[in-house]
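Structure file work.cif; described as mmCIF, C-alpha atoms.
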data_upload
loop_
_atom_site.label_atom_id
_atom_site.label_comp_id
_atom_site.auth_asym_id
_atom_site.auth_seq_id
_atom_site.Cartn_x
_atom_site.Cartn_y
_atom_site.Cartn_z
CA MET A 1 132.78 79.71 46.77
CA ALA A 2 133.03 80.82 50.36
CA LYS A 3 129.76 80.15 52.13
CA TYR A 4 128.61 81.54 55.48
CA ALA A 5 125.60 81.63 57.76
CA PHE A 6 124.58 85.30 57.58
CA PHE A 7 123.92 86.61 61.09
CA LEU A 8 121.84 89.79 60.91
CA GLY A 9 121.76 90.91 64.53
CA CYS A 10 119.38 93.72 65.56
CA ILE A 11 120.45 97.22 64.46
CA ALA A 12 121.20 96.43 60.80
CA PRO A 13 117.95 94.66 59.85
CA LEU A 14 115.73 96.67 62.21
CA ARG A 15 117.21 100.21 61.93
CA TYR A 16 119.54 100.36 58.89
CA PRO A 17 118.28 97.76 56.41
CA GLY A 18 120.52 99.34 53.74
CA ILE A 19 123.51 97.81 55.53
CA GLU A 20 121.92 94.36 55.23
CA LYS A 21 121.05 94.95 51.56
CA SER A 22 124.49 96.31 50.63
CA THR A 23 126.19 93.39 52.35
CA ARG A 24 124.09 90.90 50.39
CA VAL A 25 124.87 92.59 47.05
CA VAL A 26 128.58 93.16 47.75
CA ALA A 27 129.08 89.62 49.07
CA GLU A 28 127.55 88.17 45.93
CA ALA A 29 129.76 90.33 43.73
CA LEU A 30 132.83 89.06 45.61
CA GLY A 31 131.85 85.40 45.41
CA ILE A 32 130.71 85.02 49.01
CA GLU A 33 127.53 83.00 49.41
CA LEU A 34 125.41 84.17 52.34
CA VAL A 35 122.84 81.72 53.67
CA ASP A 36 120.42 83.39 56.10
CA LEU A 37 120.82 82.05 59.62
CA THR A 38 117.07 81.68 60.00
CA ASN A 39 115.52 81.82 63.49
CA ALA A 40 118.61 83.49 65.00
CA SER A 41 118.01 85.97 67.81
CA CYS A 42 119.95 88.96 69.12
CA CYS A 43 123.59 87.88 69.61
CA PRO A 44 122.72 88.81 72.62
CA ALA A 45 124.04 92.32 73.14
CA PRO A 46 127.30 92.24 75.10
CA GLY A 47 126.83 95.63 76.77
CA VAL A 48 123.54 95.05 78.54
CA ILE A 49 122.66 91.36 78.35
CA ARG A 50 126.10 89.96 79.21
CA ALA A 51 126.37 92.61 81.92
CA PHE A 52 122.99 91.58 83.33
CA ASP A 53 123.38 87.82 83.36
CA LYS A 54 126.29 85.99 81.81
CA LYS A 55 124.53 82.63 81.95
CA THR A 56 121.66 83.93 79.82
CA TRP A 57 124.06 85.68 77.46
CA ILE A 58 126.11 82.57 76.76
CA ALA A 59 123.11 80.23 76.50
CA ALA A 60 121.36 82.44 73.94
CA ALA A 61 124.65 82.98 72.06
CA ALA A 62 125.19 79.20 72.06
CA ARG A 63 121.74 78.73 70.53
CA ASN A 64 122.81 80.99 67.62
CA LEU A 65 126.13 79.13 67.30
CA ALA A 66 124.33 75.77 67.37
CA LEU A 67 121.89 76.84 64.62
CA ALA A 68 124.86 77.63 62.35
CA GLU A 69 126.63 74.41 63.33
CA LYS A 70 123.52 72.43 62.40
CA ASN A 71 123.75 73.95 58.91
CA GLY A 72 127.46 73.12 58.74
CA LEU A 73 128.39 76.78 58.29
CA ASP A 74 130.55 79.35 60.01
CA ILE A 75 128.92 82.64 60.97
CA LEU A 76 129.47 85.95 59.20
CA THR A 77 128.52 89.11 61.11
CA ILE A 78 128.33 92.74 59.97
CA CYS A 79 128.33 94.24 63.47
CA ASN A 80 131.10 94.59 66.04
CA GLY A 81 128.64 93.88 68.86
CA CYS A 82 127.45 90.61 67.31
CA TYR A 83 131.05 89.75 66.45
CA GLY A 84 132.14 90.50 70.02
CA SER A 85 129.36 88.45 71.59
CA LEU A 86 129.43 85.43 69.32
CA PHE A 87 133.23 85.27 68.97
CA ASP A 88 133.74 85.60 72.73
CA ALA A 89 131.01 83.06 73.50
CA ALA A 90 132.42 80.55 70.99
CA HIS A 91 135.89 81.09 72.46
CA GLU A 92 134.75 80.59 76.06
CA LEU A 93 132.78 77.48 75.14
CA SER A 94 135.79 75.99 73.37
CA GLU A 95 138.04 76.68 76.38
CA ASN A 96 135.70 75.56 79.12
CA LYS A 97 134.14 72.10 78.74
CA ASP A 98 132.17 72.38 82.01
CA LEU A 99 130.56 75.58 80.76
CA LEU A 100 129.79 73.90 77.42
CA ALA A 101 128.11 71.03 79.30
CA ASP A 102 126.02 73.48 81.37
CA VAL A 103 124.96 75.34 78.26
CA ASN A 104 124.09 72.12 76.45
CA GLU A 105 121.89 71.08 79.34
CA ILE A 106 119.84 74.22 78.67
CA LEU A 107 119.92 73.77 74.89
CA SER A 108 118.71 70.17 75.26
CA LYS A 109 115.36 71.59 76.44
CA ILE A 110 114.84 72.88 72.89
CA GLY A 111 116.36 69.85 71.17
CA LEU A 112 119.66 71.53 70.33
CA GLU A 113 123.27 70.71 71.07
CA TYR A 114 126.34 72.84 70.47
CA LYS A 115 129.41 70.74 69.75
CA GLY A 116 131.75 73.71 69.67
CA THR A 117 132.74 73.85 65.99
CA THR A 118 131.27 77.15 64.76
CA LYS A 119 133.77 79.82 63.78
CA VAL A 120 132.64 83.43 63.97
CA ARG A 121 133.86 85.87 61.33
CA HIS A 122 133.43 89.60 60.73
CA PHE A 123 132.52 90.77 57.23
CA ALA A 124 135.45 93.23 57.06
CA GLU A 125 137.93 90.63 58.22
CA VAL A 126 136.66 88.04 55.72
CA LEU A 127 137.09 90.62 52.96
CA TYR A 128 140.63 91.40 54.07
CA ASN A 129 141.86 87.92 54.92
CA ASP A 130 139.93 85.60 52.60
CA ILE A 131 138.93 87.65 49.56
CA GLY A 132 141.96 89.92 49.55
CA ILE A 133 142.59 93.50 48.48
CA GLU A 134 143.50 92.63 44.88
CA ALA A 135 140.34 90.63 44.25
CA ILE A 136 138.33 93.53 45.68
CA ARG A 137 140.21 95.99 43.47
CA SER A 138 139.13 94.06 40.37
CA LYS A 139 135.46 94.68 41.28
CA ILE A 140 135.73 98.45 41.74
CA VAL A 141 133.93 100.08 38.83
CA LYS A 142 133.51 103.55 40.27
CA PRO A 143 136.65 104.75 42.04
CA LEU A 144 135.73 107.11 44.85
CA GLU A 145 137.42 110.37 45.68
CA TYR A 146 136.08 110.78 49.19
CA GLU A 147 138.25 111.78 52.12
CA VAL A 148 137.02 109.61 54.96
CA ALA A 149 137.50 108.59 58.59
CA ALA A 150 138.03 104.85 59.11
CA PHE A 151 136.06 104.00 62.24
CA TYR A 152 137.10 100.61 63.62
CA GLY A 153 135.01 100.58 66.81
CA CYS A 154 136.08 98.40 69.71
CA HIS A 155 134.91 94.81 69.35
CA PHE A 156 136.16 94.30 65.80
CA LEU A 157 139.77 94.02 66.99
CA LYS A 158 139.55 93.68 70.77
CA PRO A 159 140.30 91.79 72.91
CA SER A 160 143.25 91.34 70.52
CA LYS A 161 144.54 88.40 72.55
CA ILE A 162 141.75 86.22 71.12
CA LYS A 163 140.85 88.12 67.93
CA GLN A 164 144.43 88.44 66.63
CA LEU A 165 143.45 90.45 63.57
CA ASP A 166 145.43 93.68 63.72
CA ASP A 167 147.31 96.05 66.02
CA PRO A 168 144.57 97.24 68.41
CA GLU A 169 146.32 100.57 69.08
CA ASN A 170 147.17 101.47 65.48
CA PRO A 171 145.25 99.23 63.10
CA HIS A 172 145.43 99.32 59.30
CA ILE A 173 142.98 96.67 57.95
CA LEU A 174 140.03 99.04 57.50
CA ASP A 175 142.25 101.80 56.10
CA GLU A 176 143.40 99.36 53.40
CA LEU A 177 139.86 98.17 52.74
CA ILE A 178 138.85 101.79 52.25
CA SER A 179 141.86 102.81 50.14
CA VAL A 180 141.16 100.10 47.56
CA THR A 181 137.98 101.99 46.57
CA GLY A 182 140.06 105.08 45.79
CA ALA A 183 138.80 106.87 48.91
CA LYS A 184 141.43 108.37 51.17
CA SER A 185 141.49 107.36 54.82
CA MET A 186 142.62 110.47 56.67
CA PRO A 187 144.99 110.02 59.65
CA ARG A 188 143.52 111.34 62.89
CA LYS A 189 144.00 111.50 66.63
CA GLN A 190 142.60 108.72 68.85
CA LYS A 191 141.79 106.49 65.89
CA VAL A 192 140.52 103.64 68.09
CA LEU A 193 138.50 105.72 70.58
CA CYS A 194 135.13 104.14 71.40
CA CYS A 195 132.09 105.72 69.66
CA GLY A 196 130.40 105.96 73.07
CA ALA A 197 127.47 103.62 72.47
CA GLY A 198 128.84 100.42 74.01
CA GLY A 199 128.53 98.86 77.44
CA GLY A 200 124.98 100.12 77.92
CA LEU A 201 126.17 103.74 77.86
CA ARG A 202 123.96 104.95 75.02
CA ALA A 203 120.85 103.73 76.83
CA GLY A 204 121.91 104.30 80.43
CA PHE A 205 124.26 107.28 80.44
CA PRO A 206 123.71 109.17 77.19
CA ASN A 207 125.57 112.30 78.34
CA ASN A 208 128.79 110.38 78.78
CA ALA A 209 128.19 108.46 75.53
CA MET A 210 127.74 111.75 73.66
CA LYS A 211 130.96 113.19 75.09
CA LEU A 212 132.88 110.28 73.56
CA THR A 213 131.01 110.74 70.29
CA GLU A 214 131.82 114.45 70.30
CA THR A 215 135.55 113.85 70.88
CA ASN A 216 135.55 111.50 67.90
CA LEU A 217 133.68 114.03 65.76
CA GLU A 218 136.15 116.80 66.68
CA ASN A 219 139.06 114.54 65.73
CA ILE A 220 137.38 113.57 62.47
CA LYS A 221 136.72 117.19 61.58
CA GLU A 222 140.32 118.14 62.34
CA SER A 223 141.56 115.32 60.08
CA GLY A 224 139.79 116.79 57.06
CA ALA A 225 137.62 113.69 56.57
CA LYS A 226 134.20 114.30 55.03
CA TYR A 227 132.59 110.88 55.62
CA ILE A 228 132.62 108.33 58.42
CA ILE A 229 133.10 104.71 57.36
CA ASP A 230 132.23 102.13 60.01
CA VAL A 231 132.07 98.35 60.31
CA CYS A 232 129.39 98.28 63.01
CA PRO A 233 125.70 99.31 62.83
CA PHE A 234 125.80 100.42 66.48
CA CYS A 235 128.73 102.83 65.91
CA HIS A 236 126.86 103.79 62.72
CA LEU A 237 123.72 104.63 64.71
CA GLN A 238 125.65 106.48 67.41
CA PHE A 239 127.26 108.79 64.84
CA ASP A 240 124.29 109.08 62.50
CA ILE A 241 121.84 110.05 65.25
CA GLY A 242 124.24 111.42 67.86
CA GLN A 243 125.88 114.05 65.69
CA LYS A 244 122.54 115.80 65.04
CA ASP A 245 122.50 117.25 68.55
CA LEU A 246 126.18 118.13 68.33
CA GLY A 247 125.92 120.18 65.14
CA TYR A 248 127.87 117.87 62.85
CA THR A 249 126.68 116.56 59.48
CA PHE A 250 129.09 113.81 58.44
CA PRO A 251 127.43 111.27 56.16
CA VAL A 252 127.88 107.86 57.83
CA LEU A 253 128.39 104.75 55.71
CA HIS A 254 128.94 101.14 56.68
CA LEU A 255 131.83 99.57 54.74
CA SER A 256 129.27 97.48 52.81
CA GLN A 257 127.57 100.68 51.63
CA LEU A 258 130.89 102.25 50.59
CA TYR A 259 131.66 99.09 48.62
CA GLY A 260 128.18 99.13 47.12
CA ILE A 261 128.83 102.60 45.73
CA ALA A 262 132.31 101.71 44.46
CA MET A 263 130.99 98.49 42.88
CA GLY A 264 128.31 100.36 40.98
CA MET A 265 125.23 99.48 43.03
CA ASP A 266 122.15 101.62 42.41
CA VAL A 267 122.26 104.30 45.13
CA LYS A 268 118.58 103.55 45.88
CA GLU A 269 119.62 100.10 47.09
CA LEU A 270 121.94 101.50 49.77
CA GLY A 271 118.97 102.30 51.99
CA LEU A 272 120.14 105.83 52.69
CA SER A 273 116.60 106.98 53.50
CA ALA A 274 116.99 105.23 56.86
CA HIS A 275 119.86 107.56 57.78
CA GLN A 276 119.04 110.50 60.06
CA THR A 277 121.96 112.58 58.80
CA PRO A 278 121.40 113.07 55.05
CA VAL A 279 123.97 111.32 52.87
CA THR A 280 125.07 113.18 49.75
CA LEU A 281 127.39 111.23 47.50
CA MET B 282 131.95 102.41 108.81
CA VAL B 283 133.28 100.44 105.85
CA THR B 284 133.56 96.71 106.34
CA LEU B 285 136.07 94.72 104.35
CA ASN B 286 134.84 91.39 103.06
CA PRO B 287 137.59 88.92 102.10
CA ASP B 288 134.96 86.40 100.96
CA PHE B 289 133.76 88.71 98.18
CA VAL B 290 136.64 87.57 95.96
CA SER B 291 135.06 84.09 95.88
CA GLU B 292 131.64 85.52 95.02
CA LEU B 293 133.28 87.51 92.24
CA ALA B 294 135.13 84.43 90.98
CA THR B 295 131.86 82.51 90.73
CA ALA B 296 130.46 85.34 88.60
CA GLY B 297 133.47 85.14 86.26
CA GLY B 298 135.78 87.77 87.77
CA GLU B 299 138.34 85.64 89.57
CA ASN B 300 141.34 87.44 88.05
CA ALA B 301 140.62 90.67 89.91
CA LYS B 302 143.14 89.54 92.53
CA MET B 303 145.96 89.70 89.96
CA CYS B 304 145.69 93.49 89.78
CA PHE B 305 148.69 95.24 91.41
CA GLN B 306 147.19 98.72 91.23
CA CYS B 307 149.52 100.40 88.75
CA GLY B 308 146.72 102.59 87.36
CA THR B 309 147.41 102.04 83.64
CA CYS B 310 143.73 101.16 83.27
CA THR B 311 142.52 104.43 84.77
CA ALA B 312 145.00 106.44 82.69
CA SER B 313 143.76 104.68 79.53
CA CYS B 314 140.02 104.82 80.19
CA PRO B 315 138.16 107.14 77.77
CA SER B 316 135.01 107.04 79.87
CA GLY B 317 136.91 107.98 83.02
CA LYS B 318 138.06 111.19 81.34
CA ASN B 319 134.43 112.37 81.39
CA THR B 320 133.28 110.91 84.70
CA ALA B 321 134.35 109.92 88.19
CA TYR B 322 134.80 106.31 87.03
CA ARG B 323 138.25 105.06 88.03
CA THR B 324 138.98 101.54 86.80
CA ARG B 325 141.85 101.00 89.23
CA LYS B 326 139.64 102.00 92.14
CA ILE B 327 136.90 99.54 91.12
CA MET B 328 139.53 96.77 90.95
CA ARG B 329 140.83 97.66 94.43
CA MET B 330 137.34 97.86 95.88
CA ALA B 331 136.65 94.43 94.40
CA GLN B 332 139.79 92.99 96.00
CA LEU B 333 138.80 94.46 99.36
CA GLY B 334 135.25 93.18 99.06
CA LEU B 335 133.55 96.56 99.21
CA LYS B 336 130.53 95.10 97.53
CA ASP B 337 127.90 97.61 98.61
CA MET B 338 130.04 100.57 97.56
CA ILE B 339 130.67 99.03 94.14
CA ILE B 340 127.14 97.99 93.33
CA GLY B 341 125.59 101.11 94.82
CA SER B 342 127.47 103.48 92.53
CA ASP B 343 126.89 104.68 88.94
CA ASP B 344 130.61 104.28 88.29
CA LEU B 345 130.38 100.57 87.55
CA TRP B 346 128.09 101.36 84.63
CA GLN B 347 130.35 103.95 82.96
CA CYS B 348 132.53 101.28 81.29
CA THR B 349 131.85 101.09 77.55
CA THR B 350 133.66 97.72 77.38
CA CYS B 351 136.10 99.24 74.86
CA TYR B 352 138.93 97.01 76.18
CA THR B 353 141.58 99.76 76.08
CA CYS B 354 142.47 99.09 79.74
CA GLU B 355 142.67 95.36 79.19
CA GLU B 356 144.89 95.73 76.11
CA ARG B 357 147.37 97.82 78.13
CA CYS B 358 147.24 96.03 81.50
CA PRO B 359 150.81 94.88 82.30
CA ARG B 360 149.41 92.02 84.42
CA GLY B 361 147.07 90.79 81.70
CA VAL B 362 144.03 91.13 83.96
CA PRO B 363 140.84 90.57 81.96
CA ILE B 364 139.44 93.80 83.37
CA VAL B 365 136.27 93.86 81.26
CA ASP B 366 135.40 90.36 82.49
CA VAL B 367 135.76 91.63 86.05
CA VAL B 368 133.53 94.64 85.32
CA ILE B 369 130.95 92.34 83.72
CA ALA B 370 131.07 89.98 86.72
CA LEU B 371 130.58 92.94 89.09
CA ARG B 372 127.61 94.11 87.01
CA ASN B 373 126.13 90.60 87.15
CA ILE B 374 126.40 90.75 90.95
CA ALA B 375 124.83 94.23 91.01
CA VAL B 376 121.92 93.07 88.86
CA ALA B 377 121.41 89.92 90.95
CA ASN B 378 121.08 92.32 93.90
CA GLY B 379 118.39 94.29 92.11
CA LYS B 380 120.56 97.19 90.89
CA MET B 381 119.26 97.76 87.37
CA TYR B 382 118.80 101.01 85.51
CA ASP B 383 115.42 101.39 83.80
CA ALA B 384 116.97 102.07 80.38
CA HIS B 385 118.98 98.84 80.55
CA LYS B 386 115.99 96.92 81.84
CA LYS B 387 114.05 98.09 78.79
CA THR B 388 116.71 96.64 76.48
CA ALA B 389 116.50 93.35 78.39
CA SER B 390 112.68 93.42 78.21
CA ASN B 391 112.88 93.97 74.45
CA LEU B 392 115.06 90.88 74.14
CA ILE B 393 112.49 88.83 76.03
CA LYS B 394 109.56 90.27 74.07
CA PHE B 395 110.99 90.29 70.54
CA GLY B 396 114.17 88.19 70.60
CA HIS B 397 115.94 91.41 69.55
CA THR B 398 117.03 94.44 71.56
CA VAL B 399 115.00 96.78 69.34
CA PRO B 400 111.49 96.19 67.96
CA ILE B 401 110.56 96.35 64.31
CA ASN B 402 108.27 99.20 63.16
CA ASP B 403 106.20 100.12 60.11
CA LYS B 404 108.77 102.57 58.75
CA ILE B 405 111.50 99.93 58.74
CA LYS B 406 109.13 97.36 57.25
CA ALA B 407 108.42 99.75 54.36
CA GLN B 408 112.12 100.51 53.88
CA ARG B 409 112.91 96.78 53.83
CA VAL B 410 110.27 96.10 51.19
CA GLU B 411 111.52 99.02 49.11
CA LEU B 412 115.00 97.46 49.17
CA GLY B 413 113.65 94.11 48.04
CA LEU B 414 114.25 92.53 51.45
CA PRO B 415 111.62 90.46 53.27
CA GLU B 416 109.31 92.81 55.22
CA VAL B 417 110.37 91.09 58.45
CA PRO B 418 113.92 89.72 58.65
CA PRO B 419 114.14 85.89 58.69
CA THR B 420 115.13 85.81 62.36
CA VAL B 421 113.36 84.80 65.55
CA ILE B 422 110.77 87.57 65.02
CA ALA B 423 109.54 85.80 61.89
CA ASN B 424 109.04 82.42 63.55
CA GLU B 425 106.86 81.75 66.61
CA LYS B 426 108.43 78.36 67.29
CA ALA B 427 111.93 79.87 67.33
CA LYS B 428 110.70 82.60 69.67
CA ALA B 429 109.17 79.96 71.95
CA ASP B 430 112.54 78.15 72.02
CA LEU B 431 114.25 81.36 73.06
CA ASP B 432 111.68 81.80 75.83
CA VAL B 433 112.54 78.32 77.12
CA ILE B 434 116.19 79.42 77.43
CA PHE B 435 115.26 82.65 79.22
CA LYS B 436 113.05 80.74 81.66
CA ALA B 437 115.72 78.07 82.25
CA THR B 438 118.40 80.64 83.11
CA GLY B 439 116.02 82.66 85.29
CA PHE B 440 116.24 85.69 83.00
CA THR B 441 112.48 86.06 82.58
CA LYS B 442 112.09 86.17 86.35
CA LEU B 443 115.08 88.48 86.79
CA ILE B 444 113.65 91.09 84.42
CA GLY B 445 110.09 90.58 85.71
#

For the file at hand, write its structure as structure tokens.
Amino acid sequence: MAKYAFFLGCIAPLRYPGIEKSTRVVAEALGIELVDLTNASCCPAPGVIRAFDKKTWIAAAARNLALAEKNGLDILTICNGCYGSLFDAAHELSENKDLLADVNEILSKIGLEYKGTTKVRHFAEVLYNDIGIEAIRSKIVKPLEYEVAAFYGCHFLKPSKIKQLDDPENPHILDELISVTGAKSMPRKQKVLCCGAGGGLRAGFPNNAMKLTETNLENIKESGAKYIIDVCPFCHLQFDIGQKDLGYTFPVLHLSQLYGIAMGMDVKELGLSAHQTPVTL
Amino acid sequence: MVTLNPDFVSELATAGGENAKMCFQCGTCTASCPSGKNTAYRTRKIMRMAQLGLKDMIIGSDDLWQCTTCYTCEERCPRGVPIVDVVIALRNIAVANGKMYDAHKKTASNLIKFGHTVPINDKIKAQRVELGLPEVPPTVIANEKAKADLDVIFKATGFTKLIG
């Protein structure tokens, strides 16, 4: 049985707990054992914290990586931001021994050491690469007939030089993960356009963030999609909350929630009451 | 009068943006930038200003903060410049010089206060319990010792002082 340290991050457990719950249920159904990475902090957020002070960002990320390493487990994330931060930090620390030594000097103050062995994985990528489409297909009990928009976000696939998961300009992983449920991923313009939330934009420059969100929503509407399926709680939040002011009403589901529905989870367990845009299934 | 500062490239390198000098100003980044379509942010221009050492102009402008870190520019850059790393390094320099937006500072303060960028609230606690999850997630917010450890890191890196 595949076993991972489950890294919760901030937005899922503290704003959309249904994403956390669905992930736990779906993972179990697919034979993935999730062990809570207890005492973990924010990844920390790449957009603001890395932009503010890289030294702090990498030291706090290394603490999270070291906690998983101590448990002998690789990390599984359900958020592109956490994936971006932790994957990038682990990569930098494996490439730069001087940086690793500097970080370990800080970690030694709290009795921790990071040896550099933790691998960082994204839930969607583990499903695609390790579990496989056919094994997922065998667990689908309620085939879905939704027409949906596959929303990849940015830090799931990019920078592709180090992530090496899929074509960053025209990806297909999420489309396949969606299609296996019976739902139809509708082709659309600017498929990999940023949701607008990243880089500190949502907090600092919401007007610009909302323009990017609106362009995405226009493209999604034009495609004929009725739902937005994401793999990142921050994209999820940006669409779920952002579209209210823009006059759109697309139900927004994280991939784990879509899988929960298709695998026969009780709808009450999806945590849809936390969504600002009502979700009708 | 604009003063060029050739030494700025070294300062930028120390902050993690040493590859800015590889940029040969083709403009693919600007043409690819989704944020630049809505604003005056021009990625190529920021890269050129960095090469020329126009530090005050860079850190004194909103433009630097319009990047969503979507990596589209970096994916398409024919020189393989890690453009987002350069932007991040420039932001680090801006922040070290006291240029912080209040909204971003709040996110940073949340991290120091809670160990997360957003606080927990009663509504979420109730929703978590309803879902059969622990009322408070088993992270740093559920453990004072873990939070104290995180504080040690923030003090050691100077982050606590930086945010104030």

| task | May I ask you to extract the residues of chain B within 6 Å of chain A, using only C-alpha atoms, and to give them as a VMD selection string? | result | chain B and resid 349 to 351 369 372 to 373 376 384 396 to 397 401 412 419 to 421 427 430 438

| said: Quick check, in Å to one decimal: how far apart do CA of Gly132 (chain A) and CA of Ile173 (chain A) lie? | reply: 10.8 Å

| message | With all atoms listed in the file as the counted atoms, please give the residues lying no more than 9 Å from region 332-337 of chain B, apart from itself and same-chain residues fewer than 4 positions off, as number ranges by chain. | response | B: 283-290, 301-302, 304, 327-328, 341-342, 371, 374-375

| message | Translate the PyMOL selection byres ((chain A and resi 148) around 7) into a concrete residue list for this structure, as a ChimeraX atom specification. | response | /A:146-147,149-150,183-186,225-229

| query | Which residues, written as a PyMOL selection string, have at least one atom at most 7 Å from region 26-33 of chain A, with all atoms listed in the file counted and residues fewer than 3 positions away on the same chain left out? | reply | chain A and resi 1-4+22-23+256+259-260

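Taking CA of Gln190 (chain A) as the reference point, CA of Asp166 (chain A) is found at 16.1 Å.
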
| said: Taking the file as I've supplied it (selection: the PyMOL selection byres ((chain B and resi 298) around 8)), which residues are included? Please answer as JSON, numbers by chain. | reply: {"B": [293, 294, 295, 296, 297, 299, 300, 301, 366, 367, 368, 369, 370, 371]}

| query | CA of Asn378 (chain B) and CA of Gln347 (chain B) are how many Å apart? | reply | 18.5 Å

| said: To test your reading of the syntax: which residues would the PyMOL selection byres ((chain B and resi 310) around 7) return for the file shown? Reply as an MDAnalysis selection string. | reply: chainID B and resid 308:309 311:314 324:325 354 358

| query | So which residues touch Lys142 (chain A) within 8 Å, counting all atoms listed in the file, skipping near sequence neighbours fewer than 3 positions away, as a PyMOL selection string? | reply | chain A and resi 181+261-264

| query | Skipping near chain neighbours, those fewer than 5 positions away, what residues fall within 12 Å of Gly247 (chain A) using only C-alpha atoms, listed as a ChimeraX atom specification? | reply | /A:213-214,217-218,221,239-242,277

| field | Top pick for closest residue to Ser179 (chain A), considering A:Asp167, A:Tyr114, A:Leu258, A:Ile19 and counting only C-alpha atoms | value |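 Residue with the minimum atom-to-atom distance to Ser179 (chain A): A:Leu258.
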
| said: List as a list in words the protein and nucleic acid residues near Ile78 (chain A), meaning an atom at most 8 Å away when only C-alpha atoms are counted, but skip any in the same chain fewer than 3 places from it. | reply: Phe7, Leu8, Thr23, Cys82, Tyr83, His122, Phe123, Ala124, Val231, Cys232 and Pro233 of chain A

N, CA and C atoms modelled onto region 360-372 of chain B, as a compact mmCIF listing (two decimals), keeping the file's coordinate frame:
# COMPACT_ATOMS: atom_id res chain seq x y z
N ARG B 360 149.62 93.31 83.74
CA ARG B 360 149.41 92.02 84.42
C ARG B 360 148.49 91.11 83.62
N GLY B 361 147.97 91.61 82.51
CA GLY B 361 147.07 90.79 81.70
C GLY B 361 145.76 90.47 82.39
N VAL B 362 145.32 91.37 83.28
CA VAL B 362 144.03 91.13 83.96
C VAL B 362 142.89 91.34 82.96
N PRO B 363 141.99 90.36 82.85
CA PRO B 363 140.84 90.57 81.96
C PRO B 363 139.83 91.51 82.62
N ILE B 364 140.16 92.79 82.59
CA ILE B 364 139.44 93.80 83.37
C ILE B 364 137.96 93.87 82.99
N VAL B 365 137.68 93.77 81.68
CA VAL B 365 136.27 93.86 81.26
C VAL B 365 135.47 92.70 81.83
N ASP B 366 136.08 91.51 81.88
CA ASP B 366 135.40 90.36 82.49
C ASP B 366 135.07 90.64 83.96
N VAL B 367 136.00 91.31 84.63
CA VAL B 367 135.76 91.63 86.05
C VAL B 367 134.60 92.63 86.17
N VAL B 368 134.62 93.64 85.31
CA VAL B 368 133.53 94.64 85.32
C VAL B 368 132.18 93.95 85.05
N ILE B 369 132.19 93.05 84.06
CA ILE B 369 130.95 92.34 83.72
C ILE B 369 130.49 91.50 84.91
N ALA B 370 131.42 90.81 85.55
CA ALA B 370 131.07 89.98 86.72
C ALA B 370 130.49 90.85 87.84
N LEU B 371 131.10 92.02 88.06
CA LEU B 371 130.58 92.94 89.09
C LEU B 371 129.17 93.42 88.74
N ARG B 372 128.95 93.69 87.45
CA ARG B 372 127.61 94.11 87.01
C ARG B 372 126.60 92.98 87.22
